[in-house]
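Okay, model25.cif is below, mmCIF, C-alpha atoms and all ligand atoms:
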data_protein
loop_
_atom_site.label_atom_id
_atom_site.label_comp_id
_atom_site.auth_asym_id
_atom_site.auth_seq_id
_atom_site.Cartn_x
_atom_site.Cartn_y
_atom_site.Cartn_z
CA MET R 1 81.59 138.49 122.88
CA LYS R 2 82.25 135.12 124.55
CA HIS R 3 82.21 136.61 128.03
CA LEU R 4 80.06 134.41 130.34
CA GLN R 5 78.85 132.14 127.52
CA ILE R 6 78.94 128.36 127.90
CA LEU R 7 79.81 126.95 124.50
CA PRO R 8 79.99 123.49 122.93
CA PRO R 9 83.48 122.46 121.77
CA SER R 10 84.09 123.41 118.14
CA THR R 11 85.58 119.97 117.44
CA VAL R 12 84.94 116.54 118.89
CA ILE R 13 86.79 113.24 118.80
CA ASP R 14 84.71 110.11 118.30
CA PRO R 15 85.72 107.98 121.30
CA LEU R 16 85.28 104.76 119.32
CA ASN R 17 87.57 105.43 116.38
CA TRP R 18 89.15 108.80 117.21
CA CYS R 19 87.78 110.39 114.04
CA LEU R 20 87.49 114.18 114.29
CA ARG R 21 84.37 116.20 113.53
CA GLY R 22 83.89 119.94 113.59
CA SER R 23 85.92 122.94 112.50
CA ASP R 24 89.53 123.43 111.31
CA ILE R 25 89.99 119.81 110.26
CA ALA R 26 92.28 118.81 107.38
CA GLU R 27 92.14 115.34 105.89
CA SER R 28 94.65 113.50 103.78
CA GLU R 29 95.01 109.97 102.55
CA LYS R 30 97.89 108.02 101.12
CA ARG R 31 97.19 105.20 98.70
CA MET R 32 99.82 102.88 97.25
CA LYS R 33 100.11 105.14 94.17
CA HIS R 34 101.26 108.01 96.42
CA LEU R 35 104.03 105.96 98.05
CA THR R 36 106.44 105.20 95.20
CA GLY R 37 109.95 104.72 96.60
CA VAL R 38 108.79 104.23 100.19
CA PHE R 39 108.93 100.42 100.34
CA LYS R 40 112.06 98.40 99.65
CA ASP R 41 110.69 95.57 97.52
CA ILE R 42 109.97 97.31 94.21
CA GLY R 43 108.70 94.11 92.56
CA ALA R 44 106.18 93.53 95.39
CA PHE R 45 105.19 97.22 95.29
CA GLU R 46 104.42 96.98 91.58
CA GLN R 47 102.12 94.02 92.24
CA MET R 48 100.01 96.02 94.71
CA ASP R 49 96.72 97.71 93.75
CA PRO R 50 97.67 101.38 93.26
CA GLU R 51 94.30 102.38 94.79
CA GLN R 52 94.94 100.39 97.99
CA LEU R 53 94.57 102.75 100.97
CA VAL R 54 97.67 102.61 103.19
CA TYR R 55 96.99 105.39 105.70
CA ASN R 56 94.94 108.49 106.31
CA VAL R 57 95.38 111.45 108.60
CA GLN R 58 92.88 113.85 110.13
CA ALA R 59 94.41 116.93 111.73
CA HIS R 60 92.92 119.72 113.79
CA LEU R 61 94.74 122.89 112.66
CA PRO R 62 93.25 125.75 114.68
CA VAL R 63 96.02 128.26 113.82
CA PRO R 64 97.89 128.92 110.54
CA GLU R 65 100.84 126.64 109.74
CA GLY R 66 104.00 128.22 111.09
CA THR R 67 102.38 129.96 114.07
CA SER R 68 104.84 129.93 116.96
CA GLY R 69 103.42 128.79 120.28
CA GLY R 70 100.44 126.94 118.73
CA LEU R 71 99.70 123.22 118.75
CA TYR R 72 98.18 120.77 116.29
CA PHE R 73 96.42 117.51 116.98
CA GLY R 74 95.98 114.59 114.59
CA THR R 75 94.82 111.02 114.21
CA THR R 76 96.58 108.63 111.83
CA ILE R 77 95.04 105.32 110.77
CA VAL R 78 97.36 102.81 109.08
CA GLN R 79 95.72 99.85 107.36
CA PRO R 80 97.05 96.33 107.98
CA GLY R 81 99.17 94.83 105.24
CA LYS R 82 102.67 94.31 103.89
CA VAL R 83 104.62 95.11 100.74
CA GLY R 84 106.89 92.09 100.40
CA GLY R 85 107.87 91.55 104.04
CA GLU R 86 107.61 95.24 104.98
CA TYR R 87 104.64 96.40 107.04
CA PHE R 88 102.38 99.19 105.76
CA MET R 89 103.79 102.41 107.20
CA THR R 90 103.79 106.19 106.94
CA ARG R 91 106.37 108.07 104.83
CA GLY R 92 108.09 109.49 107.93
CA HIS R 93 109.82 112.83 108.35
CA PHE R 94 112.06 115.07 110.38
CA HIS R 95 110.41 118.29 111.48
CA ALA R 96 111.53 121.29 109.43
CA LEU R 97 112.39 123.15 112.66
CA GLU R 98 114.89 120.71 114.11
CA ASP R 99 114.18 121.24 117.80
CA ARG R 100 110.41 120.69 117.57
CA ALA R 101 109.20 117.62 119.47
CA GLU R 102 105.96 115.65 119.20
CA TYR R 103 103.79 113.29 121.24
CA TYR R 104 102.39 110.11 119.71
CA TRP R 105 100.17 107.63 121.54
CA GLY R 106 98.54 104.34 120.68
CA VAL R 107 94.73 104.21 120.43
CA GLN R 108 93.85 100.94 118.68
CA GLY R 109 95.73 98.07 117.11
CA GLU R 110 99.37 97.09 117.26
CA GLY R 111 102.30 98.81 115.67
CA MET R 112 105.75 100.19 115.91
CA LEU R 113 107.08 103.74 116.07
CA ILE R 114 110.28 103.76 114.03
CA LEU R 115 112.74 106.49 115.00
CA MET R 116 116.06 107.73 113.60
CA ASN R 117 118.34 110.40 115.01
CA ARG R 118 120.70 112.75 113.17
CA GLU R 119 123.53 110.20 113.53
CA ARG R 120 121.30 107.83 111.52
CA GLU R 121 120.85 105.46 114.46
CA SER R 122 117.43 103.78 114.17
CA TRP R 123 115.32 102.10 116.83
CA ALA R 124 111.64 101.38 117.43
CA GLU R 125 109.08 101.51 120.21
CA ARG R 126 106.08 99.18 120.42
CA MET R 127 102.71 100.91 120.05
CA PHE R 128 99.49 99.56 121.56
CA PRO R 129 96.36 101.15 123.05
CA GLY R 130 97.64 103.48 125.77
CA SER R 131 101.32 103.52 124.77
CA LEU R 132 102.83 107.02 125.00
CA HIS R 133 105.79 108.20 122.93
CA TYR R 134 107.71 111.45 123.29
CA ILE R 135 109.59 112.14 120.06
CA ARG R 136 112.48 114.53 120.66
CA GLY R 137 113.42 117.24 118.17
CA GLY R 138 115.86 116.09 115.51
CA VAL R 139 114.43 112.57 115.49
CA ALA R 140 112.71 111.32 112.32
CA HIS R 141 109.54 109.32 112.94
CA ARG R 142 107.20 106.96 111.11
CA ILE R 143 104.70 104.31 112.21
CA ALA R 144 104.18 100.79 110.91
CA ASN R 145 101.14 98.56 111.43
CA THR R 146 102.35 95.15 112.63
CA GLY R 147 98.88 93.78 113.45
CA ALA R 148 95.92 92.29 111.60
CA ALA R 149 93.55 95.25 112.23
CA ALA R 150 93.84 99.00 111.62
CA LEU R 151 96.45 100.84 113.70
CA ILE R 152 95.08 104.11 115.12
CA ILE R 153 97.38 106.60 116.80
CA GLY R 154 97.01 110.13 118.14
CA ALA R 155 99.64 112.84 117.75
CA SER R 156 100.25 116.41 118.86
CA TRP R 157 102.96 118.69 117.49
CA PRO R 158 103.86 122.40 117.42
CA SER R 159 102.20 124.44 114.68
CA ASP R 160 105.59 125.80 113.57
CA ALA R 161 107.28 122.36 113.40
CA GLY R 162 106.80 121.90 109.65
CA HIS R 163 107.62 118.66 107.82
CA ASN R 164 110.86 117.82 106.07
CA TYR R 165 109.95 114.90 103.80
CA ASP R 166 112.79 115.42 101.30
CA GLU R 167 115.50 114.08 103.50
CA ILE R 168 113.69 110.78 104.10
CA SER R 169 112.63 110.43 100.49
CA GLN R 170 116.27 110.94 99.39
CA HIS R 171 118.15 108.97 102.07
CA GLY R 172 115.46 106.85 103.77
CA PHE R 173 115.72 105.54 107.32
CA SER R 174 118.84 103.52 108.17
CA ALA R 175 116.69 100.48 109.02
CA ARG R 176 113.45 98.91 107.84
CA LEU R 177 110.85 97.01 109.86
CA LEU R 178 110.34 93.63 108.24
CA ASP R 179 108.38 90.54 109.15
CA VAL R 180 111.08 87.92 109.86
CA ALA R 181 109.56 84.56 110.84
CA ASP R 182 106.36 86.32 112.01
CA SER R 183 108.27 88.77 114.18
CA PRO R 184 108.73 92.51 113.45
CA THR R 185 112.50 92.98 113.09
CA LEU R 186 114.61 96.07 112.32
CA ILE R 187 116.93 95.26 109.42
CA PRO R 188 119.72 97.72 108.59
CA GLU R 189 119.66 99.17 105.07
C1 LIG R 201 101.92 112.97 112.08
C2 LIG R 201 102.21 112.43 110.65
C3 LIG R 201 101.24 111.35 110.19
C4 LIG R 201 101.52 110.87 108.74
O1 LIG R 201 100.73 113.66 112.11
O2 LIG R 201 102.20 113.54 109.77
O3 LIG R 201 101.34 110.24 111.04
O4 LIG R 201 102.87 110.59 108.53
P1 LIG R 201 103.71 111.35 107.40
O5 LIG R 201 103.46 112.83 107.64
O6 LIG R 201 105.14 110.98 107.66
O7 LIG R 201 103.19 110.95 106.07
C5 LIG R 201 103.14 113.82 112.46
O8 LIG R 201 104.18 113.27 112.76
N1 LIG R 201 103.05 115.14 112.39
O9 LIG R 201 104.11 115.92 112.68
ZN ZN R 202 105.89 114.72 113.01
#

Using structure tokens, write down the structure from this file.
Amino acid sequence: MKHLQILPPSTVIDPLNWCLRGSDIAESEKRMKHLTGVFKDIGAFEQMDPEQLVYNVQAHLPVPEGTSGGLYFGTTIVQPGKVGGEYFMTRGHFHALEDRAEYYWGVQGEGMLILMNRERESWAERMFPGSLHYIRGGVAHRIANTGAAALIIGASWPSDAGHNYDEISQHGFSARLLDVADSPTLIPE
């Protein structure tokens, strides 16, 4: 049917804010009320507005979840802010299939990609417009917004990677990114 046709793309990315429009797009948002247990300072967390938006994700999912050989693409926007001294950040996860890797890259704003391997060693990479990050399989990943404006990042991951959130929600990362004297610093748990 498509033979010799010239077609518009089924999905487009807005070059200004990297929002996706078109087909096969899933959207999710995480407000403070969805992030119980994520931040260290429970007292500060309880003072936050539960409706405060922390981050949202748009993902282009052109094949069913679990398809081997397929790829997904997503944009994550993390709002600026802190809970106590801890920057707004994503929940973070290992991939369910341990050897599945992922690319992240910085689009707008300033942030940090926080990584932890299976030996529970944690480190971080600075994110800024144009920064590129290859996340190996078996490495848990989350992003934190260390700037004053929204942090926008792009990501692409295999459609059979899956997400293992349980392990991070039970054991956390081995370090947290805190503002220490106006400087993002990894503090061991
Ligand atoms: C990203 C993340 C996204 C939100 O698309 O899913 O940044 O973070 P959490 O999923 O940890 O809440 C990705 O890493 N996909 O594999
Ligand atoms: Zn991932």

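Checking R:Arg120, R:Arg31, R:Lys82, R:His3 one by one against ligand LIG 201 (chain R), counting all atoms listed in the file, you find the shortest gap at R:Arg31.
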
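Excluding Asn164 of chain R itself and same-chain residues fewer than 4 positions from it, the residues having an atom within 7 Å of it are His93, Phe94, His95 and Ala96 of chain R, counting only C-alpha atoms.
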
- Using all atoms listed in the file, find each residue with an atom at most 12 Å away from ligand ZN 202 (chain R) and format the answer as number ranges by chain. R: 57, 59, 71-76, 90-104, 113-115, 133-143, 154-165

Taking (114.1, 107.6, 109.2) in the file's own coordinates, collect the residues within 6 Å, counting only C-alpha atoms, and hand them back as a CSV table (one decimal) with C-alpha atoms, in the coordinates of the input.
chain,number,residue,atom,x,y,z
R,116,MET,CA,116.1,107.7,113.6
R,140,ALA,CA,112.7,111.3,112.3
R,172,GLY,CA,115.5,106.8,103.8
R,173,PHE,CA,115.7,105.5,107.3

- Tell me, as a ChimeraX atom specification, which residues lie within 9 Å of Ser174 of chain R, counting only C-alpha atoms; anything in the same chain fewer than 3 positions away does not count. /R:116,120-122,171,187-189

- Item | Nearby residues (all atoms listed in the file) at most 12 Å from Leu35 of chain R, same-chain spacing under 5 positions excluded, as a VMD selection string | chain R and resid 29 to 30 40 42 45 to 46 48 to 55 83 88 to 92 169

- Task: Give me the residues within 10 Å of Asp179 of chain R as JSON, numbers by chain, counting all atoms listed in the file and dropping any in the same chain fewer than 6 places off.
- Result: {"R": [82, 84, 85, 86, 87, 146, 185, 186, 187]}

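You can rank R:Ile168, R:Met127, R:Ala150, R:Ala181 by their closest distance to Pro80 of chain R using only C-alpha atoms, and at the top of that list sits R:Ala150.
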
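Between Ser28 of chain R and the candidates R:His60, R:Asp14, R:Gly70, R:Asn145, the tightest atom-to-atom separation, counting all atoms listed in the file, involves R:His60.
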
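Atom CA of Ala175 of chain R sits 25.0 Å away from atom CA of Val107 of chain R.
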
5 Å per side around ligand LIG 201 (chain R): axis-aligned box centre and edge lengths, as AutoDock Vina command-line options:
--center_x 102.9 --center_y 113.1 --center_z 109.4 --size_x 14.4 --size_y 15.7 --size_z 16.7

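In this comparison, which uses only C-alpha atoms and all ligand atoms, the residue of R:Val63, R:Val12, R:Leu177, R:Ile152 approaching ligand LIG 201 (chain R) most closely is R:Ile152.
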
- Message: Restricting the calculation to all atoms listed in the file: of R:Ile25, R:Leu7, R:Cys19, R:Ile153, which residue gets closest to ligand LIG 201 (chain R)?
- Response: R:Ile153

- Message: For a quick check of understanding, using only C-alpha atoms and all ligand atoms, which of R:Ala144, R:Ala124, R:Ile6, R:Leu132 has the smallest distance to ligand LIG 201 (chain R)?
- Response: R:Ala144

Provide segment 11-22 of chain R rebuilt to N, CA, C and O atoms, formatted as a compact mmCIF listing (two decimals), in the frame of the given file.
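Once everything was written out, this is part_21.txt:
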# COMPACT_ATOMS: atom_id res chain seq x y z
N THR R 11 85.15 121.22 118.08
CA THR R 11 85.58 119.97 117.44
C THR R 11 85.43 118.86 118.46
O THR R 11 85.68 119.08 119.64
N VAL R 12 85.02 117.68 117.98
CA VAL R 12 84.94 116.54 118.89
C VAL R 12 85.69 115.35 118.29
O VAL R 12 85.86 115.25 117.08
N ILE R 13 86.11 114.47 119.20
CA ILE R 13 86.79 113.24 118.80
C ILE R 13 85.84 112.09 119.08
O ILE R 13 85.36 111.96 120.21
N ASP R 14 85.56 111.28 118.07
CA ASP R 14 84.71 110.11 118.30
C ASP R 14 85.47 109.13 119.19
O ASP R 14 86.55 108.67 118.81
N PRO R 15 84.95 108.82 120.39
CA PRO R 15 85.72 107.98 121.30
C PRO R 15 85.91 106.55 120.81
O PRO R 15 86.78 105.83 121.30
N LEU R 16 85.13 106.13 119.81
CA LEU R 16 85.28 104.76 119.32
C LEU R 16 86.43 104.62 118.33
O LEU R 16 87.20 103.68 118.39
N ASN R 17 86.53 105.58 117.42
CA ASN R 17 87.57 105.43 116.38
C ASN R 17 88.49 106.64 116.27
O ASN R 17 89.33 106.70 115.38
N TRP R 18 88.31 107.59 117.16
CA TRP R 18 89.15 108.80 117.21
C TRP R 18 89.05 109.67 115.95
O TRP R 18 89.92 110.49 115.68
N CYS R 19 88.00 109.49 115.16
CA CYS R 19 87.78 110.39 114.04
C CYS R 19 87.36 111.76 114.57
O CYS R 19 86.68 111.86 115.59
N LEU R 20 87.78 112.81 113.87
CA LEU R 20 87.49 114.18 114.29
C LEU R 20 86.30 114.71 113.50
O LEU R 20 86.16 114.42 112.32
N ARG R 21 85.50 115.53 114.17
CA ARG R 21 84.37 116.20 113.53
C ARG R 21 84.34 117.62 114.03
O ARG R 21 84.59 117.87 115.21
N GLY R 22 84.01 118.56 113.15
CA GLY R 22 83.89 119.94 113.59
C GLY R 22 84.69 120.87 112.71
O GLY R 22 84.83 120.62 111.51
